[in-house]
$ cat query.txt   # compact mmCIF, C-alpha atoms
# COMPACT_ATOMS: atom_id res chain seq x y z
CA MET A 1 133.75 60.57 109.94
CA GLU A 2 131.56 59.61 112.91
CA ARG A 3 131.23 63.27 113.94
CA LEU A 4 130.27 64.19 110.37
CA LEU A 5 127.60 61.48 110.33
CA LYS A 6 126.13 62.71 113.63
CA LEU A 7 126.13 66.28 112.34
CA SER A 8 124.37 65.21 109.14
CA LEU A 9 121.72 63.33 111.13
CA SER A 10 121.17 66.33 113.38
CA ILE A 11 120.72 68.62 110.40
CA ALA A 12 118.33 66.16 108.78
CA CYS A 13 116.25 66.01 111.98
CA LEU A 14 116.12 69.80 112.20
CA LEU A 15 115.06 70.07 108.58
CA LEU A 16 112.34 67.46 109.13
CA LEU A 17 111.10 69.29 112.20
CA PHE A 18 111.09 72.60 110.34
CA SER A 19 109.27 71.01 107.42
CA CYS A 20 106.55 69.57 109.68
CA SER A 21 106.16 72.89 111.45
CA THR A 22 105.88 74.71 108.14
CA LYS A 23 103.33 72.21 106.82
CA ARG A 24 101.11 72.62 109.88
CA GLU A 25 101.34 76.39 109.81
CA LYS A 26 100.50 76.43 106.11
CA ALA A 27 97.58 74.05 106.62
CA GLU A 28 96.25 76.13 109.50
CA ALA A 29 96.43 79.32 107.42
CA ILE A 30 94.53 77.68 104.55
CA TYR A 31 91.95 76.26 106.96
CA LYS A 32 91.35 79.63 108.66
CA ARG A 33 90.70 81.24 105.28
CA ALA A 34 88.38 78.41 104.23
CA ILE A 35 86.13 78.62 107.28
CA GLN A 36 85.43 82.28 106.53
CA TYR A 37 83.11 81.04 103.76
CA PRO A 38 79.63 79.63 104.59
CA GLN A 39 79.84 76.11 106.01
CA GLY A 40 79.29 73.51 103.33
CA SER A 41 79.90 75.95 100.46
CA ARG A 42 82.16 74.85 97.64
CA MET A 43 84.78 77.49 98.53
CA SER A 44 84.83 76.31 102.13
CA ILE A 45 85.05 72.62 101.25
CA ASN A 46 87.79 73.15 98.67
CA GLY A 47 89.83 75.19 101.15
CA ILE A 48 89.49 72.68 103.98
CA LYS A 49 90.32 69.85 101.61
CA ARG A 50 93.44 71.69 100.51
CA ALA A 51 94.48 72.07 104.17
CA THR A 52 94.19 68.30 104.68
CA GLU A 53 96.30 67.71 101.58
CA VAL A 54 99.02 69.96 102.94
CA ASP A 55 98.96 68.24 106.35
CA SER A 56 97.01 64.99 106.59
CA THR A 57 97.58 64.91 110.37
CA TYR A 58 95.81 68.24 110.98
CA GLU A 59 92.86 66.69 112.80
CA GLN A 60 90.61 69.75 112.99
CA ALA A 61 90.64 70.16 109.21
CA VAL A 62 90.21 66.42 108.64
CA TYR A 63 87.16 66.45 110.90
CA GLU A 64 85.61 69.63 109.51
CA LEU A 65 85.86 68.29 105.97
CA SER A 66 83.77 65.29 107.01
CA VAL A 67 81.15 67.58 108.60
CA ALA A 68 80.89 69.56 105.38
CA TYR A 69 80.23 66.35 103.43
CA LEU A 70 77.61 65.25 105.95
CA LYS A 71 75.68 68.51 105.91
CA ARG A 72 75.66 68.49 102.12
CA GLY A 73 74.07 65.04 102.19
CA LEU A 74 77.11 63.10 100.97
CA PRO A 75 77.21 60.09 103.33
CA HIS A 76 79.46 58.08 101.03
CA GLU A 77 82.11 60.76 101.51
CA TRP A 78 81.34 61.64 105.14
CA LEU A 79 82.11 58.34 106.85
CA PRO A 80 85.48 57.52 105.19
CA GLN A 81 86.62 61.08 105.87
CA TYR A 82 85.31 61.05 109.44
CA ASN A 83 87.08 57.79 110.18
CA LYS A 84 90.36 59.50 109.29
CA ALA A 85 89.63 61.94 112.12
CA VAL A 86 88.87 59.00 114.42
CA LYS A 87 92.35 57.60 113.79
CA LEU A 88 93.86 60.94 114.78
CA ASP A 89 91.72 61.50 117.92
CA ALA A 90 89.58 58.50 118.82
CA ALA A 91 88.66 59.71 122.32
CA THR A 92 87.02 62.86 120.95
CA ARG A 93 85.64 61.66 117.64
CA ILE A 94 84.09 58.29 118.52
CA PRO A 95 81.36 59.71 120.80
CA TRP A 96 80.76 62.44 118.23
CA ARG A 97 80.41 59.79 115.54
CA GLY A 98 77.77 58.18 117.72
CA TYR A 99 75.89 61.48 117.83
CA LEU A 100 76.04 61.72 114.02
CA TYR A 101 74.91 58.12 113.58
CA LEU A 102 72.01 58.89 115.90
CA TRP A 103 70.66 62.03 114.25
CA PHE A 104 71.75 61.94 110.63
CA TYR A 105 71.36 58.21 110.02
CA ARG A 106 68.99 57.01 112.74
CA ASP A 107 71.38 54.09 113.16
CA TYR A 108 70.68 53.61 116.84
CA ARG A 109 72.77 50.48 117.31
CA LYS A 110 75.93 51.99 115.83
CA ALA A 111 75.32 55.13 117.86
CA ILE A 112 75.04 53.13 121.09
CA ALA A 113 78.17 51.14 120.21
CA ASP A 114 80.14 54.39 119.89
CA PHE A 115 78.70 55.81 123.12
CA ASP A 116 79.63 52.58 124.89
CA ALA A 117 83.13 52.73 123.41
CA SER A 118 83.57 56.22 124.85
CA ASP A 119 83.18 54.78 128.36
CA THR A 120 86.31 52.72 127.75
CA LEU A 121 88.23 55.49 126.00
CA THR A 122 87.56 58.06 128.73
CA PRO A 123 86.86 56.10 131.94
CA ASP A 124 87.49 59.11 134.18
CA PHE A 125 84.67 61.27 132.82
CA ILE A 126 81.45 61.09 130.85
CA ASP A 127 81.71 62.41 127.30
CA ALA A 128 79.21 65.05 126.21
CA PRO A 129 79.09 65.46 122.42
CA GLN A 130 76.95 68.42 121.37
CA GLY A 131 76.47 69.44 124.99
CA HIS A 132 74.69 66.35 126.33
CA SER A 133 76.18 63.35 128.10
CA VAL A 134 76.45 60.03 126.29
CA ASP A 135 73.92 58.75 128.85
CA TYR A 136 71.41 61.27 127.51
CA TRP A 137 72.16 60.24 123.94
CA ARG A 138 71.87 56.55 124.82
CA GLY A 139 68.47 57.34 126.29
CA VAL A 140 67.43 58.86 122.95
CA ALA A 141 68.88 55.94 120.97
CA TYR A 142 67.12 53.31 123.08
CA LEU A 143 63.88 55.27 122.73
CA GLY A 144 64.42 55.02 118.97
CA LEU A 145 64.83 51.26 119.36
CA LYS A 146 61.66 51.16 121.51
CA ASP A 147 63.65 49.68 124.38
CA TYR A 148 61.89 51.84 126.94
CA LYS A 149 63.39 50.20 130.01
CA LYS A 150 66.95 51.02 128.95
CA SER A 151 65.91 54.40 127.64
CA ASN A 152 64.46 55.40 131.00
CA ALA A 153 67.44 53.97 132.86
CA TYR A 154 69.88 56.18 130.94
CA PHE A 155 67.70 59.28 131.17
CA GLU A 156 67.30 58.78 134.91
CA LYS A 157 71.07 58.37 135.24
CA HIS A 158 71.71 61.51 133.19
CA ILE A 159 69.14 63.57 135.10
CA ALA A 160 70.37 62.39 138.51
CA LYS A 161 73.96 63.35 137.71
CA GLU A 162 72.96 66.76 136.36
CA ILE A 163 70.94 67.45 139.51
CA LYS A 164 73.78 66.28 141.75
CA ASP A 165 76.42 68.35 139.95
CA PHE A 166 74.48 71.49 139.06
CA GLY A 167 70.89 71.41 140.34
CA GLU A 168 67.57 70.44 138.80
CA ASP A 169 67.07 73.77 137.04
CA TYR A 170 70.25 73.05 135.05
CA VAL A 171 68.83 69.88 133.44
CA ASP A 172 67.96 70.40 129.78
CA VAL A 173 64.17 70.22 129.56
CA THR A 174 64.33 67.79 126.65
CA ALA A 175 65.72 65.17 129.05
CA PHE A 176 62.45 65.36 131.00
CA LEU A 177 60.47 65.34 127.75
CA TYR A 178 62.15 62.25 126.28
CA ASN A 179 62.11 60.48 129.63
CA GLY A 180 58.39 61.19 129.83
CA ILE A 181 57.77 59.96 126.29
CA SER A 182 59.59 56.73 127.05
CA TYR A 183 57.51 56.18 130.20
CA PHE A 184 54.38 57.05 128.19
CA GLU A 185 55.23 54.50 125.51
CA ALA A 186 55.82 51.89 128.23
CA GLY A 187 52.39 52.65 129.75
CA ASN A 188 53.74 54.17 132.97
CA TYR A 189 51.52 57.23 132.99
CA GLU A 190 52.38 58.31 136.53
CA LYS A 191 56.09 58.72 135.80
CA ALA A 192 55.35 60.11 132.35
CA LEU A 193 53.21 62.89 133.84
CA ALA A 194 55.86 63.63 136.47
CA ASN A 195 58.45 64.19 133.75
CA PHE A 196 56.16 66.23 131.52
CA ASP A 197 55.31 68.43 134.50
CA LYS A 198 59.03 68.88 135.18
CA GLN A 199 59.57 70.01 131.61
CA LEU A 200 56.69 72.45 131.84
CA ALA A 201 57.91 73.77 135.19
CA TYR A 202 61.24 74.76 133.62
CA SER A 203 59.74 75.91 130.30
CA ARG A 204 57.39 78.62 131.64
CA ASN A 205 54.53 76.16 131.08
CA LEU A 206 55.11 76.31 127.33
CA SER A 207 55.58 73.01 125.49
CA ALA A 208 53.35 71.67 122.73
CA ASP A 209 55.00 68.25 123.10
CA ALA A 210 54.49 67.79 126.83
CA LYS A 211 50.86 68.92 126.60
CA TYR A 212 50.21 66.68 123.60
CA TYR A 213 51.28 63.62 125.56
CA LYS A 214 49.48 64.76 128.69
CA ALA A 215 46.28 65.13 126.67
CA GLN A 216 46.65 61.52 125.51
CA ILE A 217 47.12 60.33 129.07
CA PHE A 218 44.05 62.26 130.25
CA LYS A 219 42.01 60.67 127.47
CA ALA A 220 43.22 57.21 128.51
CA GLN A 221 42.11 58.05 132.06
CA ASN A 222 38.69 59.11 130.72
CA LEU A 223 39.30 62.75 131.68
CA LEU A 224 37.96 63.97 128.36
CA LYS A 225 37.28 67.60 129.31
CA LEU A 226 40.80 67.97 130.70
CA SER A 227 42.22 66.21 127.64
CA LYS A 228 40.45 68.66 125.30
CA THR A 229 41.64 71.68 127.28
CA THR A 230 45.20 70.36 127.25
CA ILE A 231 45.32 69.59 123.53
CA ASN A 232 44.03 73.10 122.80
CA GLN A 233 46.85 74.47 124.93
CA SER A 234 49.27 72.25 123.01
CA ILE A 235 48.05 73.68 119.69
CA ALA A 236 48.42 77.22 121.03
CA ASP A 237 51.98 76.52 122.19
CA TYR A 238 52.85 74.99 118.84
CA ASN A 239 51.56 78.05 116.98
CA LEU A 240 53.86 80.17 119.15
CA GLY A 241 56.83 77.97 118.20
CA TYR A 242 57.18 76.08 121.48
CA ASN A 243 57.73 72.59 120.11
CA ASN A 244 60.70 70.24 120.19
CA LYS A 245 62.75 70.40 116.99
CA ARG A 246 66.32 70.24 115.72
CA PRO A 247 68.34 71.98 113.00
CA TYR A 248 69.18 69.98 109.84
CA VAL A 249 67.15 66.88 110.79
CA GLU A 250 63.77 65.90 112.19
CA THR A 251 63.97 65.26 115.91
CA LEU A 252 62.88 61.99 117.45
CA ARG A 253 59.10 61.88 117.99
CA GLN A 254 58.71 65.29 116.39
CA ILE A 255 55.09 66.44 116.35
CA TYR A 256 53.30 68.41 113.64
CA PRO A 257 50.02 70.38 113.51
CA GLU A 258 48.35 67.41 111.80
CA ASP A 259 49.15 65.20 114.80
CA LEU A 260 47.53 67.65 117.19
CA GLU A 261 44.43 68.20 115.07
CA GLU A 262 43.96 64.48 114.44
CA PHE A 263 44.09 63.78 118.17
CA LYS A 264 41.67 66.60 118.90
CA LYS A 265 39.15 65.03 116.53
CA THR A 266 39.12 61.87 118.67
CA LEU A 267 37.76 63.72 121.72
$ encode --input "query.txt" --output "structure tokens"
Amino acid sequence: MERLLKLSLSIACLLLLFSCSTKREKAEAIYKRAIQYPQGSRMSINGIKRATEVDSTYEQAVYELSVAYLKRGLPHEWLPQYNKAVKLDAATRIPWRGYLYLWFYRDYRKAIADFDASDTLTPDFIDAPQGHSVDYWRGVAYLGLKDYKKSNAYFEKHIAKEIKDFGEDYVDVTAFLYNGISYFEAGNYEKALANFDKQLAYSRNLSADAKYYKAQIFKAQNLLKLSKTTINQSIADYNLGYNNKRPYVETLRQIYPEDLEEFKKTL
């Protein structure tokens, strides 16, 4: 009787294991078909959703479904779905949630809280959602909060580590741009100019944003001729498409032709 019971339990375990394996394989197959459709399309969303129904522990599908909701402008569906992915892989998804809070919701405090949480979740390395370290993203978030001291501190930390690990030419030029903007807003023109010049040095001297802020600094220093020359260069760069922007959402401190022309009128 005891041997029969053990055999029954073994068979039950094997069947359970086979069932789980089959569920995951089925969910993966459905998911792979779904992502062949344009992201955010109804066919894609329905397919990914079906994959999550087949296997609710398939984290990639759970996450991608939330992204589809977000990009279709459905925040009331994005966050509950995304938090399901967090439960399945907190270390990966919490810093990414911070990135999404930052850009899609401009909720700087929640973004910072998630970036801070990532330091605890992964103490041995610095997370880099969307290709930038959480220190970079904290710099952006604190700039959004107008806490320029903390913003500069995180940008300086990010830049220093990038230079140490890879070299200065590896640093994304937007780190110099945002660091410069933060120094500019704080009234530290010397450091602002140093960062704008760094951006220009690694951008083939093409950046409407850096030149726009430099023109403002030159005006504040009563260098009106230089300010006018620089704002004209900024307008030319903008017309060529060399301005800071992001897909899907407006970037922080994004400039427009009206901003450049309005400043030019003040000279």
$ residues_around --input "query.txt" --residues "A:Phe184" --least-positions-apart "5" --cutoff "10 Å" --atoms "only C-alpha atoms" --output "PDB file with C-alpha atoms, in the frame of the given file"
ATOM      1  CA  TYR A 148      61.890  51.840 126.940  1.00  0.00           C
ATOM      2  CA  TYR A 178      62.150  62.250 126.280  1.00  0.00           C
ATOM      3  CA  ASN A 179      62.110  60.480 129.630  1.00  0.00           C
ATOM      4  CA  TYR A 189      51.520  57.230 132.990  1.00  0.00           C
ATOM      5  CA  GLU A 190      52.380  58.310 136.530  1.00  0.00           C
ATOM      6  CA  LYS A 191      56.090  58.720 135.800  1.00  0.00           C
ATOM      7  CA  ALA A 192      55.350  60.110 132.350  1.00  0.00           C
ATOM      8  CA  LEU A 193      53.210  62.890 133.840  1.00  0.00           C
ATOM      9  CA  ASN A 195      58.450  64.190 133.750  1.00  0.00           C
ATOM     10  CA  PHE A 196      56.160  66.230 131.520  1.00  0.00           C
ATOM     11  CA  TYR A 213      51.280  63.620 125.560  1.00  0.00           C
ATOM     12  CA  LYS A 214      49.480  64.760 128.690  1.00  0.00           C
ATOM     13  CA  GLN A 216      46.650  61.520 125.510  1.00  0.00           C
ATOM     14  CA  ILE A 217      47.120  60.330 129.070  1.00  0.00           C
TER      15      ILE A 217
END
$ atom_distance --input "query.txt" --atom1 "atom CA of A:Lys146" --atom2 "atom CA of A:Tyr105"
16.6 Å
$ atom_distance --input "query.txt" --atom1 "atom CA of A:Ile35" --atom2 "atom CA of A:Trp137"
28.5 Å
$ closest_residue --input "query.txt" --among "A:Asp135, A:Glu53, A:Asp147, A:Glu250" --to "A:Glu162" --atoms "all atoms listed in the file"
A:Asp135
$ residues_around --input "query.txt" --residues "A:Asp237" --least-positions-apart "4" --cutoff "9 Å" --atoms "all atoms listed in the file" --output "list in words"
Leu206, Ser207, Ala208, Asp209, Lys211, Asn232, Gln233, Gly241, Tyr242 and Asn243 of chain A
$ atom_distance --input "query.txt" --atom1 "atom CA of A:Pro123" --atom2 "atom CA of A:Trp103"
24.7 Å
$ closest_residue --input "query.txt" --among "A:Ile231, A:Leu252, A:Ile94, A:Leu177" --to "A:Leu143" --atoms "all atoms listed in the file"
A:Leu252
$ residues_near_point --input "query.txt" --point "(94.5, 68.3, 114.9)" --cutoff "10 Å" --atoms "all atoms listed in the file" --output "list in words"
Arg24, Glu28, Asp55, Ser56, Thr57, Tyr58, Glu59, Gln60, Ala61, Val62, Tyr63, Ala85, Leu88 and Asp89 of chain A
$ residues_around --input "query.txt" --residues "A:Gln81" --least-positions-apart "5" --cutoff "10 Å" --atoms "only C-alpha atoms" --output "VMD selection string"
chain A and resid 62 to 67 69 to 70 75 to 76 86
$ residues_around --input "query.txt" --residues "stretch 112-117 of chain A" --least-positions-apart "2" --cutoff "10 Å" --atoms "only C-alpha atoms" --output "MDAnalysis selection string"
chainID A and resid 90:91 93:99 101:102 107:110 119:123 126:129 133:135 137:142
$ residues_around --input "query.txt" --residues "A:Lys245" --least-positions-apart "6" --cutoff "10 Å" --atoms "only C-alpha atoms" --output "PyMOL selection string"
chain A and resi 251-255
$ write_last_selection --input "query.txt" --atoms "C-alpha atoms" --output "PDB file, in the coordinates of the input"
ATOM      1  CA  THR A 251      63.970  65.260 115.910  1.00  0.00           C
ATOM      2  CA  LEU A 252      62.880  61.990 117.450  1.00  0.00           C
ATOM      3  CA  ARG A 253      59.100  61.880 117.990  1.00  0.00           C
ATOM      4  CA  GLN A 254      58.710  65.290 116.390  1.00  0.00           C
ATOM      5  CA  ILE A 255      55.090  66.440 116.350  1.00  0.00           C
TER       6      ILE A 255
END
$ build_atoms --input "query.txt" --residues "stretch 96-116 of chain A" --atoms "N, CA and C atoms" --output "short mmCIF file (atom, residue, chain, number, x, y, z; two decimals), keeping the file's coordinate frame"
data_model
loop_
_atom_site.label_atom_id
_atom_site.label_comp_id
_atom_site.auth_asym_id
_atom_site.auth_seq_id
_atom_site.Cartn_x
_atom_site.Cartn_y
_atom_site.Cartn_z
N TRP A 96 81.38 61.54 119.20
CA TRP A 96 80.76 62.44 118.23
C TRP A 96 80.22 61.66 117.04
N ARG A 97 80.92 60.62 116.65
CA ARG A 97 80.41 59.79 115.54
C ARG A 97 79.10 59.14 115.95
N GLY A 98 79.02 58.73 117.21
CA GLY A 98 77.77 58.18 117.72
C GLY A 98 76.63 59.17 117.61
N TYR A 99 76.90 60.42 117.95
CA TYR A 99 75.89 61.48 117.83
C TYR A 99 75.44 61.63 116.37
N LEU A 100 76.38 61.57 115.44
CA LEU A 100 76.04 61.72 114.02
C LEU A 100 75.27 60.51 113.50
N TYR A 101 75.67 59.31 113.94
CA TYR A 101 74.91 58.12 113.58
C TYR A 101 73.46 58.25 114.07
N LEU A 102 73.33 58.78 115.27
CA LEU A 102 72.01 58.89 115.90
C LEU A 102 71.09 59.82 115.12
N TRP A 103 71.55 61.02 114.82
CA TRP A 103 70.66 62.03 114.25
C TRP A 103 70.62 62.06 112.73
N PHE A 104 71.74 61.82 112.09
CA PHE A 104 71.75 61.94 110.63
C PHE A 104 71.43 60.62 109.93
N TYR A 105 71.59 59.52 110.65
CA TYR A 105 71.36 58.21 110.02
C TYR A 105 70.31 57.37 110.73
N ARG A 106 69.92 57.78 111.93
CA ARG A 106 68.99 57.01 112.74
C ARG A 106 69.47 55.56 112.90
N ASP A 107 70.80 55.41 112.93
CA ASP A 107 71.38 54.09 113.16
C ASP A 107 71.65 53.98 114.66
N TYR A 108 70.62 53.59 115.38
CA TYR A 108 70.68 53.61 116.84
C TYR A 108 71.70 52.63 117.41
N ARG A 109 71.82 51.48 116.79
CA ARG A 109 72.77 50.48 117.31
C ARG A 109 74.21 50.93 117.16
N LYS A 110 74.56 51.50 116.01
CA LYS A 110 75.93 51.99 115.83
C LYS A 110 76.19 53.18 116.76
N ALA A 111 75.17 54.00 116.95
CA ALA A 111 75.32 55.13 117.86
C ALA A 111 75.61 54.63 119.28
N ILE A 112 74.84 53.67 119.74
CA ILE A 112 75.04 53.13 121.09
C ILE A 112 76.42 52.49 121.22
N ALA A 113 76.85 51.78 120.17
CA ALA A 113 78.17 51.14 120.21
C ALA A 113 79.27 52.19 120.40
N ASP A 114 79.14 53.33 119.73
CA ASP A 114 80.14 54.39 119.89
C ASP A 114 80.05 55.04 121.27
N PHE A 115 78.84 55.25 121.77
CA PHE A 115 78.70 55.81 123.12
C PHE A 115 79.29 54.87 124.16
N ASP A 116 79.06 53.57 123.97
CA ASP A 116 79.63 52.58 124.89
C ASP A 116 81.15 52.58 124.82
#
